[in-house]
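Just run25.cif here, mmCIF, C-alpha atoms:
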```cif
data_entry
#
loop_
_atom_site.group_PDB
_atom_site.id
_atom_site.type_symbol
_atom_site.label_atom_id
_atom_site.label_comp_id
_atom_site.auth_asym_id
_atom_site.auth_seq_id
_atom_site.Cartn_x
_atom_site.Cartn_y
_atom_site.Cartn_z
ATOM 1 C CA MET A 1 50.902 18.159 -48.259
ATOM 2 C CA ASP A 2 50.226 21.318 -46.257
ATOM 3 C CA GLU A 3 47.001 23.219 -46.814
ATOM 4 C CA PRO A 4 47.440 26.338 -49.011
ATOM 5 C CA LYS A 5 47.955 29.570 -47.096
ATOM 6 C CA GLY A 6 45.441 31.385 -49.280
ATOM 7 C CA LEU A 7 45.298 32.720 -52.811
ATOM 8 C CA VAL A 8 47.763 35.380 -53.944
ATOM 9 C CA LEU A 9 46.821 37.318 -57.059
ATOM 10 C CA VAL A 10 49.842 38.250 -59.195
ATOM 11 C CA VAL A 11 49.220 40.994 -61.760
ATOM 12 C CA GLU A 12 52.331 41.151 -63.942
ATOM 13 C CA ASP A 13 52.643 41.586 -67.714
ATOM 14 C CA GLU A 14 56.198 40.226 -68.032
ATOM 15 C CA ARG A 15 55.639 36.499 -68.406
ATOM 16 C CA HIS A 16 59.024 35.325 -67.140
ATOM 17 C CA ILE A 17 58.707 37.441 -63.968
ATOM 18 C CA ALA A 18 55.163 36.220 -63.356
ATOM 19 C CA ASP A 19 56.273 32.603 -63.799
ATOM 20 C CA VAL A 20 59.025 33.009 -61.190
ATOM 21 C CA GLN A 21 56.637 34.714 -58.775
ATOM 22 C CA ARG A 22 54.099 31.915 -59.241
ATOM 23 C CA LEU A 23 56.749 29.220 -58.669
ATOM 24 C CA TYR A 24 58.171 30.654 -55.455
ATOM 25 C CA LEU A 25 54.816 31.599 -53.935
ATOM 26 C CA ALA A 26 53.450 28.125 -54.708
ATOM 27 C CA ARG A 27 56.529 26.519 -53.139
ATOM 28 C CA ASP A 28 55.746 28.455 -49.966
ATOM 29 C CA GLY A 29 52.227 27.043 -49.848
ATOM 30 C CA PHE A 30 50.195 29.806 -51.475
ATOM 31 C CA GLY A 31 47.653 29.313 -54.192
ATOM 32 C CA VAL A 32 48.521 31.638 -57.099
ATOM 33 C CA HIS A 33 46.450 33.185 -59.872
ATOM 34 C CA VAL A 34 48.192 35.306 -62.525
ATOM 35 C CA GLU A 35 46.779 38.042 -64.746
ATOM 36 C CA SER A 36 48.827 40.081 -67.227
ATOM 37 C CA ASP A 37 46.398 42.986 -67.738
ATOM 38 C CA GLY A 38 45.289 45.548 -65.162
ATOM 39 C CA ARG A 39 41.582 45.395 -65.960
ATOM 40 C CA ALA A 40 41.560 41.599 -65.896
ATOM 41 C CA GLY A 41 43.516 41.712 -62.648
ATOM 42 C CA LEU A 42 41.007 44.048 -61.009
ATOM 43 C CA ALA A 43 38.136 41.817 -62.118
ATOM 44 C CA ALA A 44 39.976 38.797 -60.684
ATOM 45 C CA ALA A 45 40.530 40.603 -57.376
ATOM 46 C CA ARG A 46 36.807 41.319 -57.093
ATOM 47 C CA ARG A 47 35.836 37.797 -58.135
ATOM 48 C CA MET A 48 38.406 35.692 -56.274
ATOM 49 C CA HIS A 49 38.994 37.664 -53.027
ATOM 50 C CA PRO A 50 42.721 36.872 -52.682
ATOM 51 C CA VAL A 51 44.557 37.161 -49.361
ATOM 52 C CA ALA A 52 47.148 39.447 -51.017
ATOM 53 C CA ILE A 53 47.888 41.072 -54.373
ATOM 54 C CA VAL A 54 51.334 41.381 -55.979
ATOM 55 C CA LEU A 55 50.814 44.306 -58.340
ATOM 56 C CA ASP A 56 53.128 45.623 -61.037
ATOM 57 C CA ILE A 57 52.819 49.372 -61.639
ATOM 58 C CA GLY A 58 53.496 49.368 -65.381
ATOM 59 C CA LEU A 59 50.531 47.317 -66.602
ATOM 60 C CA PRO A 60 48.620 47.477 -69.896
ATOM 61 C CA GLY A 61 44.908 48.259 -69.832
ATOM 62 C CA LEU A 62 44.876 49.691 -66.319
ATOM 63 C CA ASP A 63 48.118 50.618 -64.592
ATOM 64 C CA GLY A 64 48.934 49.657 -61.013
ATOM 65 C CA ILE A 65 48.169 53.114 -59.632
ATOM 66 C CA ALA A 66 44.661 53.165 -61.115
ATOM 67 C CA PHE A 67 44.192 49.538 -60.026
ATOM 68 C CA CYS A 68 45.077 50.360 -56.413
ATOM 69 C CA ARG A 69 42.873 53.472 -56.427
ATOM 70 C CA ALA A 70 39.874 51.529 -57.751
ATOM 71 C CA LEU A 71 40.411 48.768 -55.191
ATOM 72 C CA ARG A 72 40.532 51.132 -52.208
ATOM 73 C CA GLU A 73 37.685 53.345 -53.414
ATOM 74 C CA ALA A 74 35.526 50.214 -53.493
ATOM 75 C CA GLY A 75 36.369 49.559 -49.838
ATOM 76 C CA ASP A 76 38.623 46.578 -50.604
ATOM 77 C CA TRP A 77 41.612 46.603 -48.212
ATOM 78 C CA THR A 78 43.314 43.431 -49.404
ATOM 79 C CA PRO A 79 47.074 43.811 -48.741
ATOM 80 C CA VAL A 80 48.852 45.082 -51.860
ATOM 81 C CA LEU A 81 52.562 44.672 -52.601
ATOM 82 C CA LEU A 82 53.630 46.980 -55.436
ATOM 83 C CA VAL A 83 56.340 45.935 -57.862
ATOM 84 C CA THR A 84 58.101 48.890 -59.469
ATOM 85 C CA ALA A 85 61.032 49.853 -61.668
ATOM 86 C CA ARG A 86 63.756 52.034 -60.191
ATOM 87 C CA SER A 87 62.601 54.947 -62.364
ATOM 88 C CA GLU A 88 59.061 54.842 -60.921
ATOM 89 C CA GLU A 89 59.738 56.470 -57.538
ATOM 90 C CA ALA A 90 56.948 59.044 -57.871
ATOM 91 C CA ASP A 91 54.451 56.318 -58.814
ATOM 92 C CA ARG A 92 55.689 54.162 -55.951
ATOM 93 C CA ILE A 93 55.065 56.941 -53.432
ATOM 94 C CA LEU A 94 51.649 57.652 -54.950
ATOM 95 C CA GLY A 95 50.809 53.960 -54.724
ATOM 96 C CA LEU A 96 51.628 53.942 -51.010
ATOM 97 C CA GLU A 97 49.514 57.052 -50.521
ATOM 98 C CA LEU A 98 46.620 55.308 -52.263
ATOM 99 C CA GLY A 99 46.778 52.429 -49.809
ATOM 100 C CA ALA A 100 49.435 49.968 -50.994
ATOM 101 C CA ASP A 101 51.067 48.188 -48.052
ATOM 102 C CA ASP A 102 54.606 47.741 -49.342
ATOM 103 C CA TYR A 103 56.717 47.706 -52.487
ATOM 104 C CA LEU A 104 59.609 45.927 -54.153
ATOM 105 C CA THR A 105 61.918 47.461 -56.734
ATOM 106 C CA LYS A 106 63.011 45.453 -59.782
ATOM 107 C CA PRO A 107 65.217 43.484 -59.954
ATOM 108 C CA PHE A 108 64.465 41.620 -56.737
ATOM 109 C CA SER A 109 65.028 38.186 -55.247
ATOM 110 C CA PRO A 110 61.963 35.908 -55.513
ATOM 111 C CA ARG A 111 62.692 34.807 -51.933
ATOM 112 C CA GLU A 112 62.419 38.452 -50.882
ATOM 113 C CA LEU A 113 59.055 38.640 -52.641
ATOM 114 C CA VAL A 114 57.746 35.655 -50.676
ATOM 115 C CA ALA A 115 59.087 37.113 -47.421
ATOM 116 C CA ARG A 116 57.363 40.449 -48.128
ATOM 117 C CA VAL A 117 54.042 38.743 -48.895
ATOM 118 C CA ARG A 118 54.250 36.808 -45.649
ATOM 119 C CA THR A 119 55.089 40.009 -43.772
ATOM 120 C CA VAL A 120 52.152 42.035 -45.125
ATOM 121 C CA LEU A 121 49.841 39.158 -44.232
ATOM 122 C CA ARG A 122 51.201 39.049 -40.670
ATOM 123 C CA ARG A 123 50.677 42.794 -40.353
ATOM 124 C CA ALA A 124 47.136 42.460 -41.672
ATOM 125 C CA ALA A 125 46.371 39.720 -39.147
ATOM 126 C CA GLY A 126 47.679 41.710 -36.131
ATOM 127 C CA PRO A 127 47.688 42.326 -33.300
ATOM 128 C CA PRO A 128 49.876 45.410 -33.850
ATOM 129 C CA GLY A 129 52.865 46.106 -31.680
ATOM 130 C CA GLY A 130 54.491 42.699 -32.002
ATOM 131 C CA PRO A 131 54.000 39.299 -30.426
ATOM 132 C CA GLY A 132 52.366 39.327 -27.036
ATOM 133 C CA ALA A 133 50.959 42.854 -27.291
ATOM 134 C CA PRO A 134 47.817 43.036 -25.127
ATOM 135 C CA ALA A 135 44.696 43.090 -27.276
ATOM 136 C CA GLY A 136 43.111 45.990 -25.423
ATOM 137 C CA SER A 137 46.222 47.992 -24.680
ATOM 138 C CA VAL A 138 45.548 51.056 -26.869
ATOM 139 C CA GLY A 139 42.020 52.373 -26.280
ATOM 140 C CA ALA A 140 41.319 56.107 -26.441
ATOM 141 C CA VAL A 141 43.796 58.853 -27.269
ATOM 142 C CA GLY A 142 42.389 62.332 -27.578
ATOM 143 C CA ARG A 143 39.502 62.227 -30.051
ATOM 144 C CA LEU A 144 40.488 58.801 -31.344
ATOM 145 C CA VAL A 145 39.416 55.377 -30.156
ATOM 146 C CA LEU A 146 41.537 52.440 -31.300
ATOM 147 C CA ASP A 147 40.204 48.914 -30.991
ATOM 148 C CA PRO A 148 43.097 46.470 -31.550
ATOM 149 C CA ALA A 149 40.834 43.414 -31.425
ATOM 150 C CA GLY A 150 38.568 44.752 -34.169
ATOM 151 C CA ARG A 151 41.426 46.694 -35.802
ATOM 152 C CA THR A 152 39.255 49.787 -36.108
ATOM 153 C CA VAL A 153 39.753 53.495 -35.481
ATOM 154 C CA HIS A 154 37.018 56.026 -34.732
ATOM 155 C CA ARG A 155 37.454 59.788 -34.729
ATOM 156 C CA ASP A 156 34.746 61.681 -32.840
ATOM 157 C CA GLY A 157 32.639 58.529 -33.080
ATOM 158 C CA GLU A 158 33.019 58.173 -36.849
ATOM 159 C CA PRO A 159 35.025 55.290 -38.402
ATOM 160 C CA VAL A 160 38.287 56.066 -40.191
ATOM 161 C CA GLU A 161 39.287 53.653 -42.962
ATOM 162 C CA LEU A 162 42.920 52.590 -42.543
ATOM 163 C CA THR A 163 45.023 49.990 -44.290
ATOM 164 C CA ALA A 164 46.514 47.236 -42.141
ATOM 165 C CA THR A 165 49.904 48.953 -42.203
ATOM 166 C CA GLU A 166 48.467 52.356 -41.330
ATOM 167 C CA PHE A 167 46.606 50.859 -38.377
ATOM 168 C CA ASN A 168 49.699 49.022 -37.133
ATOM 169 C CA LEU A 169 51.847 52.158 -37.346
ATOM 170 C CA LEU A 170 49.304 54.308 -35.521
ATOM 171 C CA ALA A 171 48.725 51.693 -32.810
ATOM 172 C CA HIS A 172 52.462 51.207 -32.298
ATOM 173 C CA LEU A 173 53.113 54.931 -31.912
ATOM 174 C CA VAL A 174 50.152 55.354 -29.556
ATOM 175 C CA ARG A 175 51.183 52.341 -27.482
ATOM 176 C CA HIS A 176 54.585 54.025 -27.018
ATOM 177 C CA ALA A 177 53.158 57.530 -26.539
ATOM 178 C CA GLY A 178 55.727 60.027 -25.344
ATOM 179 C CA ARG A 179 58.631 57.981 -26.670
ATOM 180 C CA VAL A 180 60.456 59.174 -29.789
ATOM 181 C CA LEU A 181 60.930 56.377 -32.300
ATOM 182 C CA SER A 182 63.358 56.717 -35.206
ATOM 183 C CA ARG A 183 62.342 55.787 -38.722
ATOM 184 C CA GLU A 184 64.705 52.824 -38.565
ATOM 185 C CA GLN A 185 63.065 51.624 -35.336
ATOM 186 C CA LEU A 186 59.606 51.916 -36.886
ATOM 187 C CA LEU A 187 60.667 49.983 -39.987
ATOM 188 C CA SER A 188 61.990 47.229 -37.733
ATOM 189 C CA GLN A 189 59.160 47.192 -35.177
ATOM 190 C CA VAL A 190 56.135 47.788 -37.450
ATOM 191 C CA TRP A 191 57.256 46.539 -40.862
ATOM 192 C CA GLY A 192 59.675 43.899 -39.583
ATOM 193 C CA TYR A 193 62.500 45.163 -41.806
ATOM 194 C CA ALA A 194 65.644 45.332 -39.659
ATOM 195 C CA GLY A 195 68.446 47.163 -41.432
ATOM 196 C CA TYR A 196 66.187 48.388 -44.254
ATOM 197 C CA ARG A 197 67.623 51.580 -45.736
ATOM 198 C CA ASP A 198 64.646 53.187 -47.449
ATOM 199 C CA THR A 199 63.090 55.136 -44.571
ATOM 200 C CA ARG A 200 61.016 57.288 -46.937
ATOM 201 C CA MET A 201 58.244 54.708 -46.642
ATOM 202 C CA VAL A 202 57.725 55.677 -42.973
ATOM 203 C CA ASP A 203 57.288 59.340 -43.916
ATOM 204 C CA VAL A 204 54.720 58.453 -46.579
ATOM 205 C CA PHE A 205 52.627 56.399 -44.159
ATOM 206 C CA VAL A 206 52.805 59.076 -41.452
ATOM 207 C CA SER A 207 51.702 61.692 -43.981
ATOM 208 C CA GLN A 208 48.803 59.501 -45.059
ATOM 209 C CA LEU A 209 47.732 58.904 -41.453
ATOM 210 C CA ARG A 210 47.762 62.632 -40.752
ATOM 211 C CA ALA A 211 45.657 63.284 -43.845
ATOM 212 C CA LYS A 212 43.062 60.724 -42.725
ATOM 213 C CA LEU A 213 43.001 61.714 -39.043
ATOM 214 C CA GLY A 214 43.107 65.480 -39.583
ATOM 215 C CA ASP A 215 43.550 67.606 -36.480
ATOM 216 C CA ALA A 216 42.836 64.562 -34.303
ATOM 217 C CA SER A 217 46.178 63.028 -35.267
ATOM 218 C CA PRO A 218 48.386 62.356 -32.225
ATOM 219 C CA ILE A 219 51.561 61.960 -34.307
ATOM 220 C CA ARG A 220 54.350 64.492 -33.777
ATOM 221 C CA THR A 221 57.529 64.926 -35.816
ATOM 222 C CA VAL A 222 60.765 65.196 -33.865
ATOM 223 C CA ARG A 223 63.064 66.838 -36.388
ATOM 224 C CA GLY A 224 66.201 64.895 -37.119
ATOM 225 C CA VAL A 225 65.087 61.945 -34.993
ATOM 226 C CA GLY A 226 61.709 60.435 -35.912
ATOM 227 C CA TYR A 227 58.134 60.416 -34.645
ATOM 228 C CA SER A 228 56.233 60.224 -31.390
ATOM 229 C CA ALA A 229 52.586 60.111 -30.356
ATOM 230 C CA ALA A 230 50.944 62.428 -27.869
ATOM 231 C CA ASP A 231 47.390 63.367 -27.004
ATOM 232 C CA PRO A 232 46.640 66.406 -29.225
ATOM 233 C CA GLY A 233 44.152 67.624 -26.624
ATOM 234 C CA ALA A 234 46.655 67.579 -23.809
#
```

Serialized structure, structure tokens:
Amino acid sequence: MDEPKGLVLVVEDERHIADVQRLYLARDGFGVHVESDGRAGLAAARRMHPVAIVLDIGLPGLDGIAFCRALREAGDWTPVLLVTARSEEADRILGLELGADDYLTKPFSPRELVARVRTVLRRAAGPPGGPGAPAGSVGAVGRLVLDPAGRTVHRDGEPVELTATEFNLLAHLVRHAGRVLSREQLLSQVWGYAGYRDTRMVDVFVSQLRAKLGDASPIRTVRGVGYSAADPGA
């Protein structure tokens, strides 16, 4: 039997959904721990240090938004996959802004869930920019210094805390500086979602990057097309 790929924490209060998530993740080689309450889930995350968290937004005790906020404020950047209802768009966007890495909307295929977990883990492992990207190919851009090997960003010498997805998006844009990339291209090249229709996620992550990088951000909007990176000091 293959070695487990790591522990995934599932925080879901609907028992039948949690059971299906546990079954399919376990079949793929993950260890799985399930909690049905937000506070218990947060305690489990701090105690068990999972490789990823599958987090429902509508939880009793502590909802998914507060859970994600508490996790990130404590400096825990474990990849988080939000699970939401179709009516929870505002919460979904807020969750991404608070540092969630991806989301799924109910109802969803359990195979899609497993694929998304695997994808967020690949993005967290890097290197950004796809297979074969040179480890030291980003370096300095304006007032920023990106270290792909250490997956860190410094602005004016001070570290900037980024999620794995935020780092990958920034590094990909910087690596292709001067080239305009559409939202669809970014979803395919950074997220690995070819043909994915919900491009709003790209806008949310770009907005979050700009908020964290301030006036040192190299990201430019090309209206009607997408985004590009340029040296803001140029």

For Val51 of chain A, which residue out of A:Val145, A:Leu9, A:Val174, A:Leu23 is the nearest one, using only C-alpha atoms?
-> A:Leu9

Any idea what's packed within 10 Å of Ile93 of chain A, counting all atoms listed in the file, ignoring anything in its chain fewer than 5 positions away? Could you give it as a count of residues only?
-> 8

Evaluate the PyMOL selection byres ((chain A and resi 70) around 12) and record the selected residues as a PDB file with C-alpha atoms, in the coordinates of the input, following the chain and residue labels used in the document.
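Just written: result07.pdb:
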```pdb
ATOM      1  CA  GLY A  38      45.289  45.548 -65.162  1.00  0.00           C
ATOM      2  CA  ARG A  39      41.582  45.395 -65.960  1.00  0.00           C
ATOM      3  CA  GLY A  41      43.516  41.712 -62.648  1.00  0.00           C
ATOM      4  CA  LEU A  42      41.007  44.048 -61.009  1.00  0.00           C
ATOM      5  CA  ALA A  43      38.136  41.817 -62.118  1.00  0.00           C
ATOM      6  CA  ALA A  45      40.530  40.603 -57.376  1.00  0.00           C
ATOM      7  CA  ARG A  46      36.807  41.319 -57.093  1.00  0.00           C
ATOM      8  CA  LEU A  62      44.876  49.691 -66.319  1.00  0.00           C
ATOM      9  CA  ASP A  63      48.118  50.618 -64.592  1.00  0.00           C
ATOM     10  CA  GLY A  64      48.934  49.657 -61.013  1.00  0.00           C
ATOM     11  CA  ILE A  65      48.169  53.114 -59.632  1.00  0.00           C
ATOM     12  CA  ALA A  66      44.661  53.165 -61.115  1.00  0.00           C
ATOM     13  CA  PHE A  67      44.192  49.538 -60.026  1.00  0.00           C
ATOM     14  CA  CYS A  68      45.077  50.360 -56.413  1.00  0.00           C
ATOM     15  CA  ARG A  69      42.873  53.472 -56.427  1.00  0.00           C
ATOM     16  CA  LEU A  71      40.411  48.768 -55.191  1.00  0.00           C
ATOM     17  CA  ARG A  72      40.532  51.132 -52.208  1.00  0.00           C
ATOM     18  CA  GLU A  73      37.685  53.345 -53.414  1.00  0.00           C
ATOM     19  CA  ALA A  74      35.526  50.214 -53.493  1.00  0.00           C
ATOM     20  CA  GLY A  75      36.369  49.559 -49.838  1.00  0.00           C
ATOM     21  CA  ASP A  76      38.623  46.578 -50.604  1.00  0.00           C
ATOM     22  CA  TRP A  77      41.612  46.603 -48.212  1.00  0.00           C
ATOM     23  CA  GLY A  95      50.809  53.960 -54.724  1.00  0.00           C
ATOM     24  CA  LEU A  98      46.620  55.308 -52.263  1.00  0.00           C
ATOM     25  CA  GLY A  99      46.778  52.429 -49.809  1.00  0.00           C
ATOM     26  CA  ALA A 100      49.435  49.968 -50.994  1.00  0.00           C
TER      27      ALA A 100
END
```

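Straight-line separation from atom CA of Arg179 of chain A to atom CA of Arg123 of chain A: 21.9 Å.
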
Carefully work through the PyMOL selection byres ((chain A and resi 79-87) around 9) for this structure and note down the residues it includes, as a PyMOL selection string.
-> chain A and resi 12+51-58+64+68+77-78+88-92+95-96+99-107+113+116-117+120-121+124+163-165

Just so the selection is clear, what residues does the PyMOL selection byres ((chain A and resi 33-36) around 8) cover here, as a list in words?
->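 Evaluating the PyMOL selection byres ((chain A and resi 33-36) around 8) on these coordinates yields Leu7, Val8, Leu9, Val10, Val11, Glu12, Asp13, Glu14, Arg15, Ala18, Arg22, Gly31, Val32, Asp37, Gly38, Ala40, Gly41, Ala44, Leu59 and Pro60 of chain A.
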
Pick from A:Asp198, A:Asp147, A:Glu112, A:Glu97 nearest to Val160 of chain A, counting all atoms listed in the file |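 Of all the options, A:Asp147 lies closest to Val160 of chain A.
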
For segment 212-224 of chain A, what centre and edge lengths in Å (one decimal) does the axis-aligned box get once 5 Å is added on each side of all its listed atoms, as lines of an AutoDock Vina configuration file?
```
center_x = 54.5
center_y = 64.2
center_z = -37.5
size_x = 33.4
size_y = 16.9
size_z = 20.5
```

Extract, using only C-alpha atoms, all DNA, RNA and protein residues at most 8 Å from Leu173 of chain A, discarding same-chain residues fewer than 5 positions from it, and format them as JSON, numbers by chain.
-> {"A": [181, 219, 227, 228, 229]}

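Straight-line separation from atom CA of Arg183 of chain A to atom CA of Glu166 of chain A: 14.5 Å.
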
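Of the residues listed (A:Thr119, A:Ala177, A:Gly139, A:His154), A:Thr119 shows the shortest atom-to-atom separation from Val190 of chain A; distances use all atoms listed in the file.
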
From the set A:His176, A:Arg143, A:Arg111, A:Arg27, which residue has the shortest atom-to-atom contact distance to Lys5 of chain A, counting all atoms listed in the file?
->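 The answer is A:Arg27, which sits nearest to Lys5 of chain A.
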
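Between atom CA of Ala115 of chain A and atom CA of Leu162 of chain A the interatomic distance comes to 22.9 Å.
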
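Candidate residues A:Val180, A:Leu144, A:Val206, A:Val20 were compared for distance to Asn168 of chain A, and the nearest is A:Val206, using all atoms listed in the file.
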
Residue among A:Leu209, A:Leu146, A:Ile17, A:Val225 lying closest to Phe108 of chain A, counting only C-alpha atoms |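 Distance minimum relative to Phe108 of chain A lands on A:Ile17.
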